[in-house]
$ cat target_17.txt   # compact mmCIF, C-alpha atoms and all ligand atoms
# COMPACT_ATOMS: atom_id res chain seq x y z
CA MET A 197 26.78 -68.25 142.08
CA ALA A 198 27.79 -64.75 143.04
CA THR A 199 29.06 -62.58 140.21
CA LYS A 200 32.75 -61.92 140.74
CA ILE A 201 33.71 -58.27 140.34
CA TYR A 202 37.38 -57.35 140.16
CA LEU A 203 38.10 -53.68 140.87
CA ASP A 204 41.43 -52.35 139.64
CA PRO A 205 42.51 -48.89 140.84
CA GLY A 206 45.03 -47.77 138.19
CA HIS A 207 48.69 -47.11 139.02
CA GLY A 208 49.99 -47.16 142.62
CA GLY A 209 53.31 -47.16 144.47
CA SER A 210 56.09 -45.52 142.45
CA ASP A 211 53.71 -45.19 139.48
CA THR A 212 51.73 -42.07 140.33
CA GLY A 213 49.78 -41.86 137.09
CA ALA A 214 48.69 -38.38 136.11
CA VAL A 215 49.66 -35.48 138.40
CA GLY A 216 47.76 -32.22 138.58
CA ASN A 217 46.54 -29.62 141.09
CA GLY A 218 48.55 -31.38 143.80
CA LEU A 219 46.58 -34.57 143.20
CA LEU A 220 47.99 -37.95 142.22
CA GLU A 221 45.95 -40.21 139.98
CA LYS A 222 47.03 -43.30 141.95
CA ASN A 223 45.39 -41.93 145.12
CA LEU A 224 42.17 -40.87 143.40
CA THR A 225 41.72 -44.20 141.61
CA LEU A 226 42.14 -46.01 144.94
CA GLN A 227 39.58 -43.78 146.67
CA ILE A 228 37.11 -44.28 143.83
CA ALA A 229 37.59 -48.06 143.84
CA LEU A 230 37.04 -48.27 147.60
CA LYS A 231 33.91 -46.13 147.23
CA ILE A 232 32.55 -48.32 144.43
CA ARG A 233 33.22 -51.39 146.58
CA ASP A 234 31.31 -49.86 149.49
CA ILE A 235 28.36 -48.79 147.33
CA LEU A 236 28.07 -52.20 145.70
CA ASN A 237 28.30 -53.97 149.06
CA ASP A 238 25.83 -51.61 150.73
CA GLU A 239 23.21 -51.38 147.99
CA TYR A 240 23.49 -54.58 145.94
CA THR A 241 23.66 -58.31 146.60
CA GLY A 242 24.64 -61.38 144.61
CA HIS A 243 28.26 -60.46 143.99
CA SER A 244 31.69 -60.74 145.52
CA ILE A 245 34.49 -58.23 145.11
CA LYS A 246 38.26 -58.50 144.89
CA MET A 247 40.63 -55.59 144.36
CA SER A 248 44.01 -55.45 142.61
CA ARG A 249 45.22 -53.27 145.48
CA THR A 250 43.72 -51.65 148.57
CA THR A 251 46.89 -49.78 149.51
CA ASP A 252 49.52 -47.68 147.75
CA LYS A 253 51.41 -50.39 145.87
CA TYR A 254 51.99 -51.22 142.22
CA PRO A 255 51.05 -54.61 140.81
CA THR A 256 52.02 -54.86 137.12
CA LEU A 257 49.27 -54.98 134.52
CA THR A 258 50.00 -58.65 133.98
CA GLU A 259 49.82 -59.37 137.71
CA ARG A 260 46.45 -57.63 137.87
CA THR A 261 44.91 -59.51 134.96
CA ASN A 262 46.46 -62.81 136.06
CA ALA A 263 44.96 -62.39 139.53
CA ALA A 264 41.54 -61.63 138.05
CA ASN A 265 41.73 -64.66 135.76
CA ALA A 266 42.96 -66.95 138.54
CA TRP A 267 39.96 -65.87 140.61
CA ASN A 268 37.71 -66.41 137.57
CA ALA A 269 36.38 -62.87 137.61
CA ASP A 270 33.19 -62.15 135.68
CA PHE A 271 33.78 -58.44 135.54
CA TYR A 272 37.01 -56.43 135.54
CA LEU A 273 36.85 -52.71 136.23
CA SER A 274 40.03 -50.72 135.69
CA ILE A 275 39.86 -47.20 137.07
CA HIS A 276 41.84 -44.29 135.65
CA ILE A 277 41.70 -40.53 135.76
CA ASN A 278 43.27 -38.77 132.84
CA ALA A 279 44.97 -35.40 132.96
CA GLY A 280 44.01 -32.97 130.23
CA GLY A 281 41.77 -33.73 127.29
CA GLY A 282 38.54 -32.85 129.06
CA THR A 283 36.88 -33.70 132.31
CA GLY A 284 34.34 -36.25 133.42
CA TYR A 285 33.79 -39.96 133.76
CA GLU A 286 33.84 -42.64 131.10
CA ASP A 287 34.20 -46.40 131.23
CA TYR A 288 35.22 -49.11 128.83
CA ILE A 289 34.25 -52.71 128.25
CA TYR A 290 35.52 -55.12 125.65
CA PRO A 291 33.60 -54.84 122.36
CA GLY A 292 30.84 -57.43 122.42
CA ALA A 293 31.48 -58.29 126.07
CA GLY A 294 27.79 -59.16 126.57
CA GLU A 295 26.25 -59.99 129.94
CA PRO A 296 26.86 -59.75 132.83
CA SER A 297 29.62 -57.25 131.97
CA ALA A 298 27.29 -54.76 130.32
CA ALA A 299 24.74 -54.88 133.14
CA TYR A 300 27.39 -54.39 135.84
CA ARG A 301 29.04 -51.64 133.87
CA ASN A 302 25.70 -49.83 133.61
CA ILE A 303 25.17 -50.04 137.39
CA ILE A 304 28.69 -48.87 138.19
CA HIS A 305 28.54 -46.13 135.57
CA SER A 306 25.36 -44.60 136.99
CA GLU A 307 26.55 -44.96 140.61
CA VAL A 308 29.87 -43.23 139.89
CA VAL A 309 28.22 -40.37 138.01
CA LYS A 310 25.69 -40.01 140.83
CA ALA A 311 28.28 -40.17 143.63
CA THR A 312 30.80 -37.82 142.07
CA ALA A 313 28.67 -35.46 139.96
CA PHE A 314 31.39 -35.82 137.30
CA LYS A 315 30.38 -34.94 133.77
CA ASP A 316 29.14 -38.10 132.05
CA ARG A 317 31.46 -38.82 129.12
CA GLY A 318 29.65 -41.97 128.18
CA LYS A 319 29.92 -45.76 128.11
CA LYS A 320 32.57 -46.95 125.71
CA THR A 321 34.19 -50.08 124.34
CA ASN A 322 37.86 -50.66 123.56
CA ASP A 323 40.52 -53.35 123.24
CA LEU A 324 42.52 -52.28 126.29
CA HIS A 325 45.15 -54.53 127.85
CA TYR A 326 42.69 -55.42 130.59
CA CYS A 327 39.88 -56.21 128.19
CA VAL A 328 42.05 -58.41 125.97
CA ASN A 329 43.71 -60.29 128.81
CA GLN A 330 40.70 -60.72 131.06
CA LYS A 331 38.98 -63.94 130.05
CA CYS A 332 35.61 -62.79 131.36
CA ARG A 333 33.88 -62.72 128.01
CA ARG A 334 31.47 -65.52 128.73
CA SER A 335 28.02 -65.28 127.25
ZN ZN B 1 45.79 -43.88 134.47
$ encode --input "target_17.txt" --output "structure tokens"
Amino acid sequence: MATKIYLDPGHGGSDTGAVGNGLLEKNLTLQIALKIRDILNDEYTGHSIKMSRTTDKYPTLTERTNAANAWNADFYLSIHINAGGGTGYEDYIYPGAGEPSAAYRNIIHSEVVKATAFKDRGKKTNDLHYCVNQKCRRS
């Protein structure tokens, strides 16, 4: 069975997310998600990918997590870029998420840091909406 990876570029449509230096977070998260999709498809096998959006539109948080659950996603990656409070890349998984979430997060984390040369802010865990509502915590 292929591992199902759900990529969620944050924001979209009328929800721009953070704005700074003439850049909109919604556009950057989409570009990053598409890039991650391409890297995973080019360099790795044994997975399939779905995205919450591939264009500039805004699904609600509940629509995103419902879609991931309906698809039975193993891994949910929500992508955000914060304004202020430092620079760099960090990612979050649910505390105690276990495998395969941790393994996929490690791959994606190192690929993003490599591809962007962003400062590595570390691998983190948190009870975010996505983590709580995504029923991917299988052992
Ligand atoms: Zn955001």
$ closest_residue --input "target_17.txt" --among "A:Tyr285, A:Gly218, A:Pro291, A:Ile245" --to "Ser306 of chain A" --atoms "all atoms listed in the file"
A:Tyr285
$ closest_residue --input "target_17.txt" --among "A:Asn217, A:Ser210, A:Ser244, A:Thr251" --to "Trp267 of chain A" --atoms "all atoms listed in the file"
A:Ser244
$ residues_near_ligand --input "target_17.txt" --ligand "ligand ZN 1 (chain B)" --cutoff "8 Å" --atoms "only C-alpha atoms and all ligand atoms" --output "mmCIF file with C-alpha atoms, in the coordinates of the input"
data_model
loop_
_atom_site.group_PDB
_atom_site.id
_atom_site.type_symbol
_atom_site.label_atom_id
_atom_site.label_comp_id
_atom_site.auth_asym_id
_atom_site.auth_seq_id
_atom_site.Cartn_x
_atom_site.Cartn_y
_atom_site.Cartn_z
ATOM 1 C CA GLY A 206 45.030 -47.770 138.190
ATOM 2 C CA HIS A 207 48.690 -47.110 139.020
ATOM 3 C CA GLY A 213 49.780 -41.860 137.090
ATOM 4 C CA ALA A 214 48.690 -38.380 136.110
ATOM 5 C CA GLU A 221 45.950 -40.210 139.980
ATOM 6 C CA LYS A 222 47.030 -43.300 141.950
ATOM 7 C CA ILE A 275 39.860 -47.200 137.070
ATOM 8 C CA HIS A 276 41.840 -44.290 135.650
ATOM 9 C CA ILE A 277 41.700 -40.530 135.760
ATOM 10 C CA ASN A 278 43.270 -38.770 132.840
#
$ residues_near_point --input "target_17.txt" --point "(33.7, -54.1, 146.2)" --cutoff "9 Å" --atoms "all atoms listed in the file" --output "list in words"
Ile201, Tyr202, Leu203, Ala229, Leu230, Lys231, Ile232, Arg233, Asp234, Ile235, Leu236, Asn237, His243, Ser244, Ile245, Lys246 and Met247 of chain A
$ atom_distance --input "target_17.txt" --atom1 "atom CA of Ala298 of chain A" --atom2 "atom CA of Ala198 of chain A"
16.2 Å
$ atom_distance --input "target_17.txt" --atom1 "atom CA of Val308 of chain A" --atom2 "atom CA of Thr225 of chain A"
12.0 Å
$ closest_residue --input "target_17.txt" --among "A:Asp204, A:Phe271, A:Ile228, A:Thr212" --to "Ala299 of chain A" --atoms "all atoms listed in the file"
A:Phe271
$ residues_around --input "target_17.txt" --residues "Arg301 of chain A" --least-positions-apart "4" --cutoff "10 Å" --atoms "all atoms listed in the file" --output "MDAnalysis selection string"
chainID A and resid 271:273 287:289 295:297 305:307 319
$ closest_residue --input "target_17.txt" --among "A:Arg260, A:Arg249, A:Lys320, A:Lys200" --to "Asn302 of chain A" --atoms "all atoms listed in the file"
A:Lys320
$ atom_distance --input "target_17.txt" --atom1 "atom CA of Tyr290 of chain A" --atom2 "atom CA of Asn322 of chain A"
5.5 Å
$ closest_residue --input "target_17.txt" --among "A:Thr256, A:Thr283, A:Thr241, A:Asn268" --to "Gly208 of chain A" --atoms "all atoms listed in the file"
A:Thr256
$ closest_residue --input "target_17.txt" --among "A:Gly216, A:Gly292, A:Pro205, A:Gly284" --to "Ser248 of chain A" --atoms "all atoms listed in the file"
A:Pro205
